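File shown here: run-v2.cif, holding mmCIF, C-alpha atoms.
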data_coords
loop_
_atom_site.label_atom_id
_atom_site.label_comp_id
_atom_site.auth_asym_id
_atom_site.auth_seq_id
_atom_site.Cartn_x
_atom_site.Cartn_y
_atom_site.Cartn_z
CA MET A 1 2.38 24.93 -7.14
CA THR A 2 -0.17 22.49 -8.57
CA ALA A 3 -0.25 18.78 -7.83
CA ALA A 4 1.67 16.51 -10.20
CA LEU A 5 -0.58 15.02 -12.87
CA SER A 6 -0.39 11.22 -12.65
CA LEU A 7 -2.20 8.20 -14.03
CA GLY A 8 -4.97 6.54 -12.05
CA THR A 9 -6.12 3.26 -13.58
CA TYR A 10 -9.48 2.74 -11.84
CA ARG A 11 -11.73 3.64 -14.77
CA VAL A 12 -9.26 2.94 -17.56
CA ARG A 13 -10.38 0.35 -20.10
CA ALA A 14 -7.06 -0.26 -21.85
CA VAL A 15 -4.54 -0.02 -19.02
CA SER A 16 -1.39 -0.68 -21.04
CA GLN A 17 -2.35 1.90 -23.68
CA ALA A 18 -3.22 4.56 -21.10
CA ALA A 19 -0.03 3.83 -19.17
CA ARG A 20 2.15 4.10 -22.26
CA THR A 21 0.58 7.48 -23.05
CA ALA A 22 0.96 8.76 -19.47
CA LEU A 23 4.51 7.51 -18.95
CA ALA A 24 5.68 8.88 -22.29
CA ALA A 25 4.24 12.23 -21.19
CA GLY A 26 6.21 12.09 -17.93
CA SER A 27 3.67 10.89 -15.35
CA PRO A 28 5.65 10.51 -12.10
CA TRP A 29 3.19 8.01 -10.55
CA VAL A 30 0.96 5.17 -11.66
CA ASP A 31 -1.83 4.28 -9.24
CA THR A 32 -3.46 0.86 -9.56
CA ALA A 33 -4.96 -2.03 -7.57
CA PRO A 34 -5.20 -5.83 -7.81
CA ASN A 35 -8.91 -5.68 -8.66
CA TYR A 36 -8.67 -3.04 -11.41
CA ALA A 37 -9.29 -4.01 -15.06
CA HIS A 38 -11.03 -7.21 -13.90
CA GLY A 39 -7.85 -8.22 -12.09
CA ARG A 40 -5.54 -7.71 -15.09
CA ALA A 41 -4.14 -4.23 -14.36
CA HIS A 42 -0.94 -5.41 -12.66
CA GLU A 43 0.02 -7.78 -15.46
CA GLU A 44 -0.69 -5.12 -18.10
CA LEU A 45 1.50 -2.59 -16.29
CA ARG A 46 4.54 -4.76 -15.64
CA PRO A 47 6.25 -4.49 -19.06
CA LEU A 48 5.83 -0.72 -19.03
CA LEU A 49 7.24 -0.45 -15.50
CA ARG A 50 10.35 -2.24 -16.73
CA GLU A 51 10.59 0.19 -19.65
CA TYR A 52 10.06 3.31 -17.49
CA ALA A 53 12.26 2.56 -14.51
CA THR A 54 11.84 5.93 -12.76
CA VAL A 55 8.03 6.00 -12.53
CA ARG A 56 6.76 5.34 -9.03
CA VAL A 57 4.10 2.68 -8.50
CA ALA A 58 1.24 2.75 -6.02
CA THR A 59 -1.09 -0.21 -5.61
CA LYS A 60 -3.62 -1.22 -2.97
CA ALA A 61 -4.56 -3.97 -0.56
CA GLY A 62 -8.07 -4.98 0.44
CA PHE A 63 -10.37 -5.45 -2.57
CA PHE A 64 -10.12 -8.47 -4.85
CA THR A 65 -11.92 -10.01 -7.82
CA GLU A 66 -14.15 -13.06 -7.60
CA GLU A 67 -11.44 -15.21 -9.16
CA GLN A 68 -8.80 -13.89 -6.74
CA GLY A 69 -11.19 -14.61 -3.88
CA ARG A 70 -11.58 -18.26 -4.96
CA THR A 71 -7.81 -18.64 -5.04
CA ALA A 72 -7.44 -17.03 -1.61
CA LEU A 73 -10.09 -19.36 -0.20
CA ALA A 74 -8.29 -22.37 -1.63
CA ASP A 75 -5.03 -21.10 -0.11
CA GLY A 76 -6.69 -20.75 3.30
CA VAL A 77 -6.08 -17.02 3.76
CA LEU A 78 -9.68 -15.80 3.43
CA ALA A 79 -12.93 -16.48 5.30
CA TRP A 80 -16.12 -17.25 3.36
CA GLU A 81 -17.90 -14.11 4.59
CA GLU A 82 -14.98 -11.97 3.42
CA ALA A 83 -14.98 -13.69 0.03
CA ALA A 84 -18.62 -12.70 -0.46
CA GLY A 85 -17.78 -9.04 0.22
CA ARG A 86 -14.63 -9.15 -1.95
CA HIS A 87 -12.69 -7.18 0.65
CA SER A 88 -10.41 -8.14 3.52
CA LEU A 89 -7.95 -6.40 5.81
CA GLY A 90 -6.90 -9.63 7.55
CA ARG A 91 -3.16 -9.82 8.16
CA GLY A 92 -2.79 -13.17 6.43
CA PHE A 93 -4.78 -12.07 3.40
CA VAL A 94 -2.87 -8.78 3.06
CA ARG A 95 0.43 -10.70 3.13
CA TRP A 96 -0.88 -13.12 0.48
CA GLN A 97 -2.21 -10.30 -1.73
CA MET A 98 1.04 -8.34 -1.45
CA GLU A 99 3.14 -11.34 -2.50
CA ARG A 100 0.98 -11.68 -5.61
CA SER A 101 1.11 -7.92 -6.32
CA LEU A 102 4.89 -7.81 -6.04
CA ALA A 103 5.22 -10.84 -8.30
CA ALA A 104 2.90 -9.32 -10.89
CA LEU A 105 4.21 -5.73 -10.87
CA GLY A 106 7.87 -6.39 -10.18
CA ARG A 107 8.18 -3.45 -7.77
CA VAL A 108 5.93 -1.35 -5.53
CA ASP A 109 6.71 2.05 -4.01
CA LEU A 110 3.52 2.61 -2.03
CA VAL A 111 0.65 0.36 -0.93
CA PHE A 112 -2.67 1.92 0.04
CA VAL A 113 -5.03 0.07 2.35
CA HIS A 114 -8.05 0.28 0.06
CA ASN A 115 -11.22 1.90 1.44
CA PRO A 116 -10.84 0.46 4.95
CA GLU A 117 -14.26 1.89 5.85
CA HIS A 118 -15.72 -0.85 3.62
CA ASP A 119 -14.32 -3.47 5.98
CA GLY A 120 -15.86 -1.62 8.91
CA GLN A 121 -19.50 -1.86 7.83
CA GLY A 122 -21.38 -3.07 10.88
CA LEU A 123 -18.34 -2.63 13.14
CA ASP A 124 -17.81 0.03 15.77
CA ARG A 125 -14.84 2.37 15.37
CA THR A 126 -12.67 0.41 17.81
CA ALA A 127 -13.16 -2.82 15.86
CA LEU A 128 -12.54 -1.07 12.54
CA HIS A 129 -9.35 0.50 13.85
CA GLY A 130 -8.23 -2.95 14.99
CA ARG A 131 -8.71 -4.27 11.45
CA VAL A 132 -6.77 -1.33 9.98
CA ARG A 133 -3.94 -1.92 12.46
CA GLU A 134 -3.88 -5.58 11.39
CA ALA A 135 -3.39 -4.56 7.75
CA PHE A 136 -0.77 -2.00 8.75
CA THR A 137 1.13 -4.68 10.69
CA ALA A 138 1.37 -6.86 7.58
CA LEU A 139 2.52 -3.91 5.46
CA GLU A 140 5.09 -2.85 8.07
CA GLU A 141 6.68 -6.28 7.60
CA PHE A 142 7.07 -5.70 3.85
CA ALA A 143 8.36 -2.14 4.34
CA HIS A 144 10.80 -3.15 7.08
CA ALA A 145 12.19 -5.84 4.75
CA GLY A 146 12.64 -3.22 1.99
CA ARG A 147 10.15 -4.92 -0.32
CA ILE A 148 7.86 -1.86 -0.54
CA GLY A 149 8.68 1.81 -0.06
CA GLY A 150 5.86 2.48 2.37
CA TYR A 151 2.11 2.28 2.81
CA GLY A 152 -0.91 4.46 3.45
CA VAL A 153 -4.67 4.64 3.16
CA ALA A 154 -6.81 5.29 0.08
CA THR A 155 -10.30 6.16 1.22
CA TRP A 156 -13.52 7.27 -0.40
CA SER A 157 -15.55 8.29 2.65
CA GLY A 158 -13.62 7.21 5.75
CA LEU A 159 -12.26 10.67 6.55
CA THR A 160 -15.53 12.50 5.85
CA SER A 161 -17.79 10.00 7.64
CA GLY A 162 -15.71 10.07 10.80
CA ALA A 163 -14.66 6.41 10.56
CA PHE A 164 -11.09 7.55 11.21
CA SER A 165 -8.90 10.65 11.09
CA VAL A 166 -5.34 11.29 9.93
CA PRO A 167 -4.02 11.49 13.54
CA GLU A 168 -5.78 8.20 14.33
CA LEU A 169 -4.23 6.51 11.28
CA LEU A 170 -0.79 7.72 12.34
CA THR A 171 -1.37 6.33 15.82
CA LEU A 172 -2.38 2.95 14.36
CA ALA A 173 0.78 2.98 12.22
CA ARG A 174 2.95 3.64 15.26
CA GLN A 175 1.23 0.78 17.09
CA ALA A 176 1.73 -1.54 14.10
CA ALA A 177 5.42 -0.66 13.88
CA GLY A 178 6.02 -1.32 17.58
CA SER A 179 9.41 -0.07 18.66
CA ALA A 180 10.54 0.62 15.08
CA GLU A 181 9.79 3.77 13.08
CA HIS A 182 6.56 3.40 11.09
CA HIS A 183 6.36 3.42 7.27
CA PHE A 184 2.97 5.14 6.88
CA THR A 185 3.82 7.57 4.09
CA GLY A 186 0.76 8.29 1.91
CA LEU A 187 -2.87 9.37 1.90
CA GLN A 188 -5.33 9.23 -1.01
CA MET A 189 -8.82 10.72 -0.98
CA PRO A 190 -11.31 12.24 -3.46
CA VAL A 191 -10.63 15.89 -4.29
CA SER A 192 -12.94 17.57 -6.79
CA LEU A 193 -15.38 20.43 -7.22
CA ILE A 194 -18.13 17.97 -6.25
CA MET A 195 -16.34 16.48 -3.24
CA ASP A 196 -14.80 19.84 -2.37
CA ALA A 197 -14.64 19.65 1.45
CA PRO A 198 -10.89 18.88 1.35
CA ILE A 199 -10.37 21.98 -0.84
CA THR A 200 -12.34 24.37 1.38
CA GLN A 201 -10.77 22.91 4.53
CA ALA A 202 -7.26 23.24 3.08
CA LEU A 203 -7.95 26.83 1.99
CA ASN A 204 -8.86 27.53 5.60
CA GLY A 205 -5.64 25.91 6.84
CA GLY A 206 -7.13 22.65 8.13
CA GLY A 207 -8.59 19.29 7.18
CA PRO A 208 -7.02 15.93 6.33
CA LEU A 209 -4.73 17.13 3.54
CA VAL A 210 -3.11 19.74 5.75
CA GLN A 211 -2.82 17.22 8.59
CA ALA A 212 -1.23 14.73 6.21
CA LYS A 213 1.26 17.26 4.84
CA ASP A 214 2.18 18.36 8.37
CA ALA A 215 2.94 14.70 9.12
CA GLY A 216 5.18 14.43 6.04
CA LEU A 217 2.83 12.21 4.01
CA ILE A 218 2.51 12.21 0.22
CA THR A 219 -1.05 13.27 -0.65
CA PHE A 220 -3.03 11.99 -3.64
CA GLY A 221 -6.31 13.37 -4.95
CA SER A 222 -8.53 10.79 -6.64
CA ALA A 223 -11.63 11.25 -8.84
CA PRO A 224 -10.99 14.90 -9.80
CA LEU A 225 -13.77 14.62 -12.42
CA HIS A 226 -15.94 12.54 -10.04
CA GLY A 227 -16.07 9.69 -12.52
CA GLY A 228 -17.02 12.10 -15.30
CA ALA A 229 -20.14 13.33 -13.48
CA LEU A 230 -18.52 16.70 -12.80
CA LEU A 231 -18.33 17.54 -16.50
CA ASP A 232 -22.10 18.12 -16.61
CA ALA A 233 -21.71 20.81 -13.94
CA MET A 234 -18.85 22.57 -15.74
CA THR A 235 -20.84 25.38 -17.35
CA PRO A 236 -19.07 27.80 -19.71
CA GLU A 237 -19.36 30.43 -16.98
CA LEU A 238 -17.65 28.19 -14.43
CA VAL A 239 -14.90 27.22 -16.88
CA ASN A 240 -14.30 30.91 -17.66
CA LEU A 241 -14.13 31.71 -13.97
CA ILE A 242 -11.47 29.03 -13.52
CA ARG A 243 -9.54 29.99 -16.67
CA PRO A 244 -10.91 31.09 -20.05
CA GLY A 245 -10.09 28.83 -22.99
CA LEU A 246 -9.80 25.56 -21.08
CA SER A 247 -11.82 22.45 -21.79
CA ALA A 248 -14.29 21.44 -19.08
CA ALA A 249 -12.08 18.50 -18.07
CA ALA A 250 -8.91 20.61 -17.88
CA ALA A 251 -10.69 23.27 -15.81
CA ALA A 252 -11.99 20.68 -13.36
CA LEU A 253 -8.52 19.10 -13.06
CA LEU A 254 -6.91 22.50 -12.56
CA ALA A 255 -9.27 23.31 -9.70
CA ALA A 256 -8.58 20.00 -7.97
CA GLY A 257 -4.84 20.15 -8.65
CA SER A 258 -4.58 23.65 -7.17
CA CYS A 259 -5.83 22.44 -3.78
CA PRO A 260 -3.35 23.43 -1.06
CA GLY A 261 -1.49 20.46 0.38
CA LEU A 262 -2.12 18.15 -2.58
CA ASP A 263 0.98 16.51 -4.11
CA VAL A 264 -0.53 14.27 -6.82
CA VAL A 265 -3.80 14.46 -8.77
CA LEU A 266 -4.86 11.26 -10.52
CA THR A 267 -6.47 11.23 -13.93
CA SER A 268 -7.59 8.42 -16.21
CA ALA A 269 -6.89 10.41 -19.40
CA SER A 270 -5.96 7.81 -22.00
CA THR A 271 -5.14 9.91 -25.08
CA ARG A 272 -2.09 12.14 -25.46
CA GLU A 273 -4.35 15.03 -26.46
CA HIS A 274 -6.34 14.83 -23.22
CA TRP A 275 -3.17 14.34 -21.17
CA ASP A 276 -1.41 17.35 -22.72
CA ASP A 277 -4.57 19.45 -22.32
CA ALA A 278 -4.63 18.71 -18.58
CA ALA A 279 -0.87 19.08 -18.12
CA LYS A 280 -0.82 22.49 -19.82
CA ALA A 281 -3.60 23.75 -17.54
CA LEU A 282 -1.91 22.41 -14.40
CA ALA A 283 1.37 24.10 -15.29
CA ALA A 284 -0.08 27.37 -13.92
CA PRO A 285 -1.97 26.82 -10.63
CA LEU A 286 -4.91 28.85 -9.44
CA THR A 287 -4.21 31.23 -6.61
CA ALA A 288 -5.88 30.48 -3.30
CA GLN A 289 -8.04 33.56 -3.82
CA LYS A 290 -9.23 32.35 -7.25
CA LEU A 291 -9.84 28.81 -5.99
CA ARG A 292 -11.91 30.19 -3.11
CA ARG A 293 -13.99 32.21 -5.60
CA VAL A 294 -14.64 29.00 -7.55
CA THR A 295 -15.75 27.00 -4.50
CA ASP A 296 -17.88 29.93 -3.29
CA GLU A 297 -19.54 30.12 -6.71
CA LEU A 298 -20.42 26.43 -6.58
CA ALA A 299 -21.75 26.84 -3.05
CA GLY A 300 -24.06 29.59 -4.31
CA GLU A 301 -22.38 32.34 -2.31
#
Since I need it in another form, could you write the structure as structure tokens?
Amino acid sequence: MTAALSLGTYRVRAVSQAARTALAAGSPWVDTAPNYAHGRAHEELRPLLREYATVRVATKAGFFTEEQGRTALADGVLAWEEAAGRHSLGRGFVRWQMERSLAALGRVDLVFVHNPEHDGQGLDRTALHGRVREAFTALEEFAHAGRIGGYGVATWSGLTSGAFSVPELLTLARQAAGSAEHHFTGLQMPVSLIMDAPITQALNGGGPLVQAKDAGLITFGSAPLHGGALLDAMTPELVNLIRPGLSAAAAALLAAGSCPGLDVVLTSASTREHWDDAAKALAAPLTAQKLRRVTDELAGE
């Protein structure tokens, strides 16, 4: 079974147009953040989320735009040094950002703590984990009150750099929840033929995606085309190895979406043609044997 094709809005220029295309095509998730589309993504999505009541919404906490930072400073929830870095995991700031996100979107199913390794630059692991736990504590309050469905972590390099592991994140969630049951329910990380460690690890029965699935988390793969850079590496021979007749983009998405343990693969496809192209490819997953041949080919084996 391949991962469910869903809309990621990070690199989307016209968010409302891309969302209308994706939701009309049946995208089960929309993934966004307060700082996407120069801070306008939430407002652009809200009318469509009212129209498509069954789509699930994931947003993030941590990064903010310059304008949002000025407002947070004026409201007393952000320190000057954090404003300069445009990222904070402080409990007060996360609460403030979540109130604004809920007001803008109308509803939120999942909140990812956004690249927590960014907040940990210059910190040791213990200090970083303390900051993550602080953010989790704020999000536990929202989840316990029924205002969000749950929370998780969206990371670019935290799991591969050793900043934290899935078991460590689960421990921090349990600590944040105290005596109650925690609401840590999702994990997002890059999964592509360029950043293919999660694929090879999952094929071998290990790695963060397998750990996350074993813990009952929903797993999201971001950047399956590596911001478009992967398309240059998609030679006709590689595309044919994956599946003859596919476009380079569809072949790359199929490889990522066939990763064991992956529930959702995010794409920024904004036209119905590109969306349908990807969805048709993902309807028939690669076998583990075929996917291993593809990763071995890229590794030069």
So which residues touch region 45-48 of chain A within 6 Å, counting only C-alpha atoms, skipping near sequence neighbours fewer than 2 positions away, as an mmCIF file with C-alpha atoms, keeping the file's coordinate frame?
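So the final result, stored in around32.cif, reads:
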data_model
loop_
_atom_site.group_PDB
_atom_site.id
_atom_site.type_symbol
_atom_site.label_atom_id
_atom_site.label_comp_id
_atom_site.auth_asym_id
_atom_site.auth_seq_id
_atom_site.Cartn_x
_atom_site.Cartn_y
_atom_site.Cartn_z
ATOM 1 C CA SER A 16 -1.390 -0.680 -21.040
ATOM 2 C CA HIS A 42 -0.940 -5.410 -12.660
ATOM 3 C CA GLU A 43 0.020 -7.780 -15.460
ATOM 4 C CA ARG A 50 10.350 -2.240 -16.730
ATOM 5 C CA GLU A 51 10.590 0.190 -19.650
ATOM 6 C CA LEU A 105 4.210 -5.730 -10.870
#
Tell me, as a PyMOL selection string, which residues lie within 10 Å of Leu193 (chain A), counting all atoms listed in the file; anything in the same chain fewer than 3 positions away does not count. chain A and resi 190+196-200+224-226+230+233-234+252-253+255-256+294-295+298-299
Run the PyMOL selection byres ((chain A and resi 78-95) around 6) mentally over the shown coordinates, then write out the matched residues as a PyMOL selection string, using the chain letters and numbers from the document. chain A and resi 62-64+69+72-73+76-77+96-98+134-135+138
Name the residues that the PyMOL selection byres ((chain A and resi 212) around 10) pulls out of this structure, and write them as a ChimeraX atom specification. /A:165-167,170,185-188,207-211,213-219,261-262
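Taking all atoms listed in the file into account, Ala223 (chain A) lies nearest to A:Met189 out of the set A:Ala251, A:Met189, A:Ala104, A:Val111.
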Could you spell out the hits of the PyMOL selection byres ((chain A and resi 34) around 8) on the shown file, as an mmCIF file with C-alpha atoms, in the coordinates of the input?
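That gives us expr-v9.cif:
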data_model
loop_
_atom_site.group_PDB
_atom_site.id
_atom_site.type_symbol
_atom_site.label_atom_id
_atom_site.label_comp_id
_atom_site.auth_asym_id
_atom_site.auth_seq_id
_atom_site.Cartn_x
_atom_site.Cartn_y
_atom_site.Cartn_z
ATOM 1 C CA THR A 32 -3.460 0.860 -9.560
ATOM 2 C CA ALA A 33 -4.960 -2.030 -7.570
ATOM 3 C CA ASN A 35 -8.910 -5.680 -8.660
ATOM 4 C CA TYR A 36 -8.670 -3.040 -11.410
ATOM 5 C CA GLY A 39 -7.850 -8.220 -12.090
ATOM 6 C CA ARG A 40 -5.540 -7.710 -15.090
ATOM 7 C CA ALA A 41 -4.140 -4.230 -14.360
ATOM 8 C CA HIS A 42 -0.940 -5.410 -12.660
ATOM 9 C CA THR A 59 -1.090 -0.210 -5.610
ATOM 10 C CA LYS A 60 -3.620 -1.220 -2.970
ATOM 11 C CA ALA A 61 -4.560 -3.970 -0.560
ATOM 12 C CA PHE A 63 -10.370 -5.450 -2.570
ATOM 13 C CA PHE A 64 -10.120 -8.470 -4.850
ATOM 14 C CA THR A 65 -11.920 -10.010 -7.820
ATOM 15 C CA SER A 101 1.110 -7.920 -6.320
#
Quick one: everything within 8 Å of Asn115 (chain A), counting all atoms listed in the file, minus sequence neighbours fewer than 4 positions away in the same chain. Send it as an NGL selection string. :A and (62 or 119 or 153-158)
Output file for the selection above: C-alpha atoms, as a PDB file, in the frame of the given file:
ATOM      1  CA  GLY A  62      -8.070  -4.980   0.440  1.00  0.00           C
ATOM      2  CA  ASP A 119     -14.320  -3.470   5.980  1.00  0.00           C
ATOM      3  CA  VAL A 153      -4.670   4.640   3.160  1.00  0.00           C
ATOM      4  CA  ALA A 154      -6.810   5.290   0.080  1.00  0.00           C
ATOM      5  CA  THR A 155     -10.300   6.160   1.220  1.00  0.00           C
ATOM      6  CA  TRP A 156     -13.520   7.270  -0.400  1.00  0.00           C
ATOM      7  CA  SER A 157     -15.550   8.290   2.650  1.00  0.00           C
ATOM      8  CA  GLY A 158     -13.620   7.210   5.750  1.00  0.00           C
TER       9      GLY A 158
END
Taking 5 positions as the minimum chain separation for residues in the same chain, which residues sit within 10 Å of Glu273 (chain A) when counting only C-alpha atoms? Answer as a list in words.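 Once the adjacent positions are removed, what remains is Thr21, Ala278 and Ala279 of chain A.
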What is the CA of Gly8 (chain A) to CA of Leu159 (chain A) distance in Å? 20.4 Å
Counting only C-alpha atoms, write as a PyMOL selection string all protein and nucleic acid residues lying at most 7 Å from (3.0, 13.6, -9.9) in the file's frame. chain A and resi 3-6+27-29+263-265
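When all atoms listed in the file are used to measure the gap to Thr171 (chain A), the shortest distance among A:Arg11, A:Val55, A:Gly206, A:Arg133 belongs to A:Arg133.
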Which one of A:Leu231, A:Ala25, A:Ala53, A:Leu128 sits closest to Asp277 (chain A) if you count all atoms listed in the file?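 Looking at the shortest contact to Asp277 (chain A), the residue is A:Ala25.
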Check the smallest atom-to-atom distance from each of A:Pro116, A:Gly149, A:Gly130, A:Gly221 to Ala163 (chain A) using only C-alpha atoms, then report the winner. A:Pro116
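Coordinates place CA of Thr267 (chain A) at a distance of 21.9 Å from CA of Leu241 (chain A).
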Mind filling out region 36-51 of chain A with N, CA, C and O atoms and sending it as a CSV table (one decimal), in the coordinates of the input?
chain,number,residue,atom,x,y,z
A,36,TYR,N,-8.4,-3.9,-10.3
A,36,TYR,CA,-8.7,-3.0,-11.4
A,36,TYR,C,-8.6,-3.8,-12.7
A,36,TYR,O,-7.8,-4.8,-12.8
A,37,ALA,N,-9.3,-3.4,-13.7
A,37,ALA,CA,-9.3,-4.0,-15.1
A,37,ALA,C,-9.6,-5.5,-14.9
A,37,ALA,O,-8.9,-6.3,-15.6
A,38,HIS,N,-10.6,-5.8,-14.1
A,38,HIS,CA,-11.0,-7.2,-13.9
A,38,HIS,C,-9.9,-8.1,-13.4
A,38,HIS,O,-9.8,-9.3,-13.7
A,39,GLY,N,-9.0,-7.5,-12.6
A,39,GLY,CA,-7.8,-8.2,-12.1
A,39,GLY,C,-6.6,-8.3,-13.0
A,39,GLY,O,-5.6,-9.0,-12.6
A,40,ARG,N,-6.7,-7.6,-14.1
A,40,ARG,CA,-5.5,-7.7,-15.1
A,40,ARG,C,-4.6,-6.5,-15.1
A,40,ARG,O,-3.6,-6.5,-15.8
A,41,ALA,N,-4.9,-5.5,-14.3
A,41,ALA,CA,-4.1,-4.2,-14.4
A,41,ALA,C,-2.7,-4.4,-14.1
A,41,ALA,O,-1.8,-3.9,-14.7
A,42,HIS,N,-2.3,-5.2,-13.0
A,42,HIS,CA,-0.9,-5.4,-12.7
A,42,HIS,C,-0.1,-6.0,-13.8
A,42,HIS,O,1.0,-5.6,-14.1
A,43,GLU,N,-0.7,-7.1,-14.4
A,43,GLU,CA,0.0,-7.8,-15.5
A,43,GLU,C,0.2,-6.9,-16.7
A,43,GLU,O,1.2,-6.9,-17.4
A,44,GLU,N,-0.8,-6.0,-17.0
A,44,GLU,CA,-0.7,-5.1,-18.1
A,44,GLU,C,0.4,-4.0,-17.9
A,44,GLU,O,1.0,-3.5,-18.8
A,45,LEU,N,0.6,-3.7,-16.6
A,45,LEU,CA,1.5,-2.6,-16.3
A,45,LEU,C,2.9,-3.1,-16.2
A,45,LEU,O,3.9,-2.3,-16.5
A,46,ARG,N,3.2,-4.3,-15.9
A,46,ARG,CA,4.5,-4.8,-15.6
A,46,ARG,C,5.5,-4.5,-16.8
A,46,ARG,O,6.6,-3.9,-16.5
A,47,PRO,N,5.2,-4.8,-18.0
A,47,PRO,CA,6.2,-4.5,-19.1
A,47,PRO,C,6.6,-3.0,-19.2
A,47,PRO,O,7.7,-2.6,-19.5
A,48,LEU,N,5.6,-2.2,-18.9
A,48,LEU,CA,5.8,-0.7,-19.0
A,48,LEU,C,6.6,-0.2,-17.8
A,48,LEU,O,7.5,0.7,-18.0
A,49,LEU,N,6.5,-0.8,-16.7
A,49,LEU,CA,7.2,-0.4,-15.5
A,49,LEU,C,8.7,-0.8,-15.7
A,49,LEU,O,9.6,-0.1,-15.1
A,50,ARG,N,9.0,-1.9,-16.4
A,50,ARG,CA,10.4,-2.2,-16.7
A,50,ARG,C,11.0,-1.2,-17.7
A,50,ARG,O,12.1,-0.9,-17.6
A,51,GLU,N,10.1,-0.8,-18.6
A,51,GLU,CA,10.6,0.2,-19.6
A,51,GLU,C,10.8,1.6,-19.1
A,51,GLU,O,11.8,2.3,-19.4
